[in-house]
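Trainee: This is the structure I have questions about; it appears just below.
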Amino acid sequence: MRLLDLPPSRLTELGRAELLEGIRLSEGRLVVAETVVTAPPLVDGITNAELVAAFGADLVLLNCYDCERPTIAGLPEGAGQTCRDVKALVGRPVGVNLEPSDRVPPGRRATPANAVRAVEQGADFICLTGNPNTLVTNEGILESLRLIKAAVGDRAFLIAGRMHAAGVGLSGCRGLITPEEAEAFVEAGADVLLVPAPGTVPGAMVEAVSACVQAAHRRGALAMSAIGTSQEGADEATVRQLALNAKMAGVDLHHLGDAGYFGVAVPENILAYCVAVKGRRHTYRRMAMSLTGLRAGADRRGAAPAAPGSL
């Protein structure tokens, strides 16, 4: 069953294998929106995770989530502060960033203990990458990926790769990730390869990114493009171009970063990106679907029937 069609009540029930298959079947039309959990909400009274879900995001990625002391800005005092609590609010699969760097607090480091904590706190997926100036290397990602895969097993799916150079001085997409490194990530346990979206870092041409995506696909993994360069705060025309370039590169998931404004993408850009990769019908349905209940005509697993002659 493709994730594109499933209501929130089903999305939050899926295990690793179902999530990965649902992503694969959605044919490159799923958007992952990232938020900084420590940043003040853009709009008072709701979390940034709720905001990105309302504008069409299919999955939510929490940045700066501390697995030892989880806190979500915007949740009231006394409320739960974990991935599970966010998932209950937004009705989306929720994941966290972990970083193989000693430049981040211990609770955010890509260690097996933190990965297990994240899963126990409700994370559906874990993304191994690096924020700016963390000096995360591909070798560091590989080492932590192997250890985390052994610790987490099949309880969550793993994303690994780069959004940008993270301060290590790399330039060009082929300097960030090569097809050979893409294959090594998959062999080490990555279910999803993370690559910079074409047009977001110097030299990230569609062809170069596509070569890495194809390498991951050959190994049976999926791929996610990332806008981690604050271009989630660009004008809507630029965002649409990035979206179509990423789709041409063959990615299965589209990531939008958290720095349109501090802590979250520009909401209108999330909407513009969603419409570009999945059209108004799927975008508006994702925005409008209730957290509970099924619509008349939905099948017994909660998927809405496709329109005649459409995808």
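Ligands are numbered from 1 in the order shown, chains are lettered A, B, ... in the order of the structure tokens, and residues start at 1 in each chain.
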Mind listing the strand (DSSP E or B) residues of region 88-190 of chain A, per DSSP on the backbone, as a PyMOL selection string?
Mentor: chain A and resi 94-99+109+125-128+157-161
Trainee: Mind running region 248-280 of chain A against region 42-50 of chain A at 8 Å and telling me each contacting residue's nearest atom pair with the distance in Å (one decimal), counting only C-alpha atoms, chain and number ascending, as CSV?
Mentor:
residue,atom,partner,partner_atom,distance
A:Tyr261,CA,A:Leu42,CA,7.9
A:Gly263,CA,A:Asn48,CA,7.7
A:Val264,CA,A:Asn48,CA,6.5
Trainee: How would the residues just picked look written out with N, CA, C and O atoms as a PDB file, in the first residue's frame?
Mentor:
ATOM      1  N   TYR A 261      12.607  29.917   7.660  1.00  0.00           N
ATOM      2  CA  TYR A 261      12.754  30.762   8.831  1.00  0.00           C
ATOM      3  C   TYR A 261      13.534  29.890   9.802  1.00  0.00           C
ATOM      4  O   TYR A 261      13.767  28.714   9.551  1.00  0.00           O
ATOM      5  N   GLY A 263      14.242  27.266  12.105  1.00  0.00           N
ATOM      6  CA  GLY A 263      13.559  26.114  12.685  1.00  0.00           C
ATOM      7  C   GLY A 263      12.541  25.440  11.812  1.00  0.00           C
ATOM      8  O   GLY A 263      12.082  24.333  12.134  1.00  0.00           O
ATOM      9  N   VAL A 264      12.184  26.049  10.672  1.00  0.00           N
ATOM     10  CA  VAL A 264      11.153  25.451   9.822  1.00  0.00           C
ATOM     11  C   VAL A 264      11.231  26.097   8.438  1.00  0.00           C
ATOM     12  O   VAL A 264      11.622  27.251   8.294  1.00  0.00           O
TER      13      VAL A 264
END
Trainee: Give me, as a ChimeraX atom specification, all polymer residues having an atom no more than 10 Å from Ile126 (chain A), counting only C-alpha atoms and skipping those fewer than 3 positions away in the same chain.
Mentor: /A:61-62,94-98,110,115,118-119,123,129,148,152,156-160,190
Trainee: With N, CA, C and O atoms retained, could you export that selection as a PDB file, in the first residue's frame?
Mentor:
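The new file out_14.pdb reads:
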ATOM      1  N   LEU A  61      10.788  15.092  10.046  1.00  0.00           N
ATOM      2  CA  LEU A  61      12.118  14.813  10.577  1.00  0.00           C
ATOM      3  C   LEU A  61      12.464  15.857  11.627  1.00  0.00           C
ATOM      4  O   LEU A  61      12.411  17.061  11.361  1.00  0.00           O
ATOM      5  N   LEU A  62      12.817  15.393  12.823  1.00  0.00           N
ATOM      6  CA  LEU A  62      13.124  16.291  13.934  1.00  0.00           C
ATOM      7  C   LEU A  62      14.634  16.498  14.028  1.00  0.00           C
ATOM      8  O   LEU A  62      15.394  15.540  14.214  1.00  0.00           O
ATOM      9  N   VAL A  94       7.509   9.791  12.012  1.00  0.00           N
ATOM     10  CA  VAL A  94       8.414  10.795  12.575  1.00  0.00           C
ATOM     11  C   VAL A  94       9.799  10.178  12.757  1.00  0.00           C
ATOM     12  O   VAL A  94       9.937   9.047  13.239  1.00  0.00           O
ATOM     13  N   GLY A  95      10.825  10.924  12.376  1.00  0.00           N
ATOM     14  CA  GLY A  95      12.192  10.473  12.556  1.00  0.00           C
ATOM     15  C   GLY A  95      13.061  11.539  13.186  1.00  0.00           C
ATOM     16  O   GLY A  95      12.614  12.676  13.408  1.00  0.00           O
ATOM     17  N   VAL A  96      14.318  11.169  13.476  1.00  0.00           N
ATOM     18  CA  VAL A  96      15.241  12.104  14.105  1.00  0.00           C
ATOM     19  C   VAL A  96      16.587  12.080  13.390  1.00  0.00           C
ATOM     20  O   VAL A  96      16.985  11.070  12.810  1.00  0.00           O
ATOM     21  N   ASN A  97      17.283  13.218  13.433  1.00  0.00           N
ATOM     22  CA  ASN A  97      18.669  13.295  12.984  1.00  0.00           C
ATOM     23  C   ASN A  97      19.594  12.870  14.114  1.00  0.00           C
ATOM     24  O   ASN A  97      19.415  13.310  15.258  1.00  0.00           O
ATOM     25  N   LEU A  98      20.586  12.051  13.794  1.00  0.00           N
ATOM     26  CA  LEU A  98      21.694  11.781  14.698  1.00  0.00           C
ATOM     27  C   LEU A  98      22.984  12.032  13.937  1.00  0.00           C
ATOM     28  O   LEU A  98      23.057  11.766  12.732  1.00  0.00           O
ATOM     29  N   ALA A 110      25.374  10.144  16.955  1.00  0.00           N
ATOM     30  CA  ALA A 110      24.971   8.914  16.268  1.00  0.00           C
ATOM     31  C   ALA A 110      25.613   7.709  16.941  1.00  0.00           C
ATOM     32  O   ALA A 110      26.575   7.124  16.441  1.00  0.00           O
ATOM     33  N   ALA A 115      20.308   5.746  19.256  1.00  0.00           N
ATOM     34  CA  ALA A 115      19.392   5.198  18.255  1.00  0.00           C
ATOM     35  C   ALA A 115      18.327   4.330  18.912  1.00  0.00           C
ATOM     36  O   ALA A 115      17.137   4.413  18.576  1.00  0.00           O
ATOM     37  N   ALA A 118      15.870   6.571  20.660  1.00  0.00           N
ATOM     38  CA  ALA A 118      14.965   7.217  19.713  1.00  0.00           C
ATOM     39  C   ALA A 118      13.846   6.271  19.297  1.00  0.00           C
ATOM     40  O   ALA A 118      12.670   6.659  19.250  1.00  0.00           O
ATOM     41  N   VAL A 119      14.190   5.044  19.010  1.00  0.00           N
ATOM     42  CA  VAL A 119      13.181   4.066  18.611  1.00  0.00           C
ATOM     43  C   VAL A 119      12.212   3.797  19.760  1.00  0.00           C
ATOM     44  O   VAL A 119      10.987   3.738  19.568  1.00  0.00           O
ATOM     45  N   ALA A 123      10.425   6.886  17.389  1.00  0.00           N
ATOM     46  CA  ALA A 123      10.949   7.240  16.069  1.00  0.00           C
ATOM     47  C   ALA A 123      10.734   6.099  15.089  1.00  0.00           C
ATOM     48  O   ALA A 123      11.011   4.935  15.386  1.00  0.00           O
ATOM     49  N   THR A 129      23.452  12.085   9.461  1.00  0.00           N
ATOM     50  CA  THR A 129      24.004  13.142   8.625  1.00  0.00           C
ATOM     51  C   THR A 129      24.671  14.161   9.540  1.00  0.00           C
ATOM     52  O   THR A 129      24.924  13.865  10.717  1.00  0.00           O
ATOM     53  N   ILE A 148      24.746   1.249  14.441  1.00  0.00           N
ATOM     54  CA  ILE A 148      23.332   1.520  14.708  1.00  0.00           C
ATOM     55  C   ILE A 148      22.441   0.475  14.059  1.00  0.00           C
ATOM     56  O   ILE A 148      21.434   0.060  14.646  1.00  0.00           O
ATOM     57  N   VAL A 152      19.650  -1.424  16.193  1.00  0.00           N
ATOM     58  CA  VAL A 152      18.229  -1.140  15.947  1.00  0.00           C
ATOM     59  C   VAL A 152      17.534  -2.269  15.197  1.00  0.00           C
ATOM     60  O   VAL A 152      16.346  -2.533  15.406  1.00  0.00           O
ATOM     61  N   ALA A 156      13.331   0.282  12.917  1.00  0.00           N
ATOM     62  CA  ALA A 156      13.213   1.586  12.256  1.00  0.00           C
ATOM     63  C   ALA A 156      14.010   1.516  10.970  1.00  0.00           C
ATOM     64  O   ALA A 156      14.930   0.703  10.835  1.00  0.00           O
ATOM     65  N   PHE A 157      13.665   2.362  10.005  1.00  0.00           N
ATOM     66  CA  PHE A 157      14.502   2.389   8.811  1.00  0.00           C
ATOM     67  C   PHE A 157      15.541   3.490   8.948  1.00  0.00           C
ATOM     68  O   PHE A 157      15.359   4.481   9.663  1.00  0.00           O
ATOM     69  N   LEU A 158      16.671   3.283   8.266  1.00  0.00           N
ATOM     70  CA  LEU A 158      17.835   4.151   8.415  1.00  0.00           C
ATOM     71  C   LEU A 158      18.112   4.917   7.133  1.00  0.00           C
ATOM     72  O   LEU A 158      18.154   4.348   6.042  1.00  0.00           O
ATOM     73  N   ILE A 159      18.308   6.217   7.284  1.00  0.00           N
ATOM     74  CA  ILE A 159      18.715   7.107   6.197  1.00  0.00           C
ATOM     75  C   ILE A 159      20.153   7.533   6.482  1.00  0.00           C
ATOM     76  O   ILE A 159      20.488   7.862   7.625  1.00  0.00           O
ATOM     77  N   ALA A 160      20.992   7.542   5.467  1.00  0.00           N
ATOM     78  CA  ALA A 160      22.385   7.953   5.690  1.00  0.00           C
ATOM     79  C   ALA A 160      22.917   8.678   4.468  1.00  0.00           C
ATOM     80  O   ALA A 160      22.644   8.294   3.331  1.00  0.00           O
ATOM     81  N   ALA A 190      22.114   1.179   5.299  1.00  0.00           N
ATOM     82  CA  ALA A 190      21.197   2.266   4.956  1.00  0.00           C
ATOM     83  C   ALA A 190      20.041   1.745   4.116  1.00  0.00           C
ATOM     84  O   ALA A 190      20.254   1.085   3.095  1.00  0.00           O
TER      85      ALA A 190
END
Trainee: Nearest to Arg162 (chain A): which of A:Pro106, A:Pro93, A:Pro112, A:Pro100 is it, counting only C-alpha atoms?
Mentor: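 Checking each of A:Pro106, A:Pro93, A:Pro112, A:Pro100 against Arg162 (chain A), counting only C-alpha atoms, the winner is A:Pro100.
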Trainee: Just the residues within 12 Å of Leu14 (chain A), please, counting only C-alpha atoms, with nothing from its chain fewer than 2 positions along; format it as an NGL selection string.
Mentor: :A and (1-3 or 6-12 or 16-23 or 91-94 or 122-125 or 155-157 or 301)
Trainee: Do you know which residues are at most 8 Å from region 211-223 of chain A counting only C-alpha atoms, after dropping those on the same chain fewer than 5 positions away, and could you put them as a ChimeraX atom specification?
Mentor: /A:24,177-180,182-183,186-187,190-195,249-253
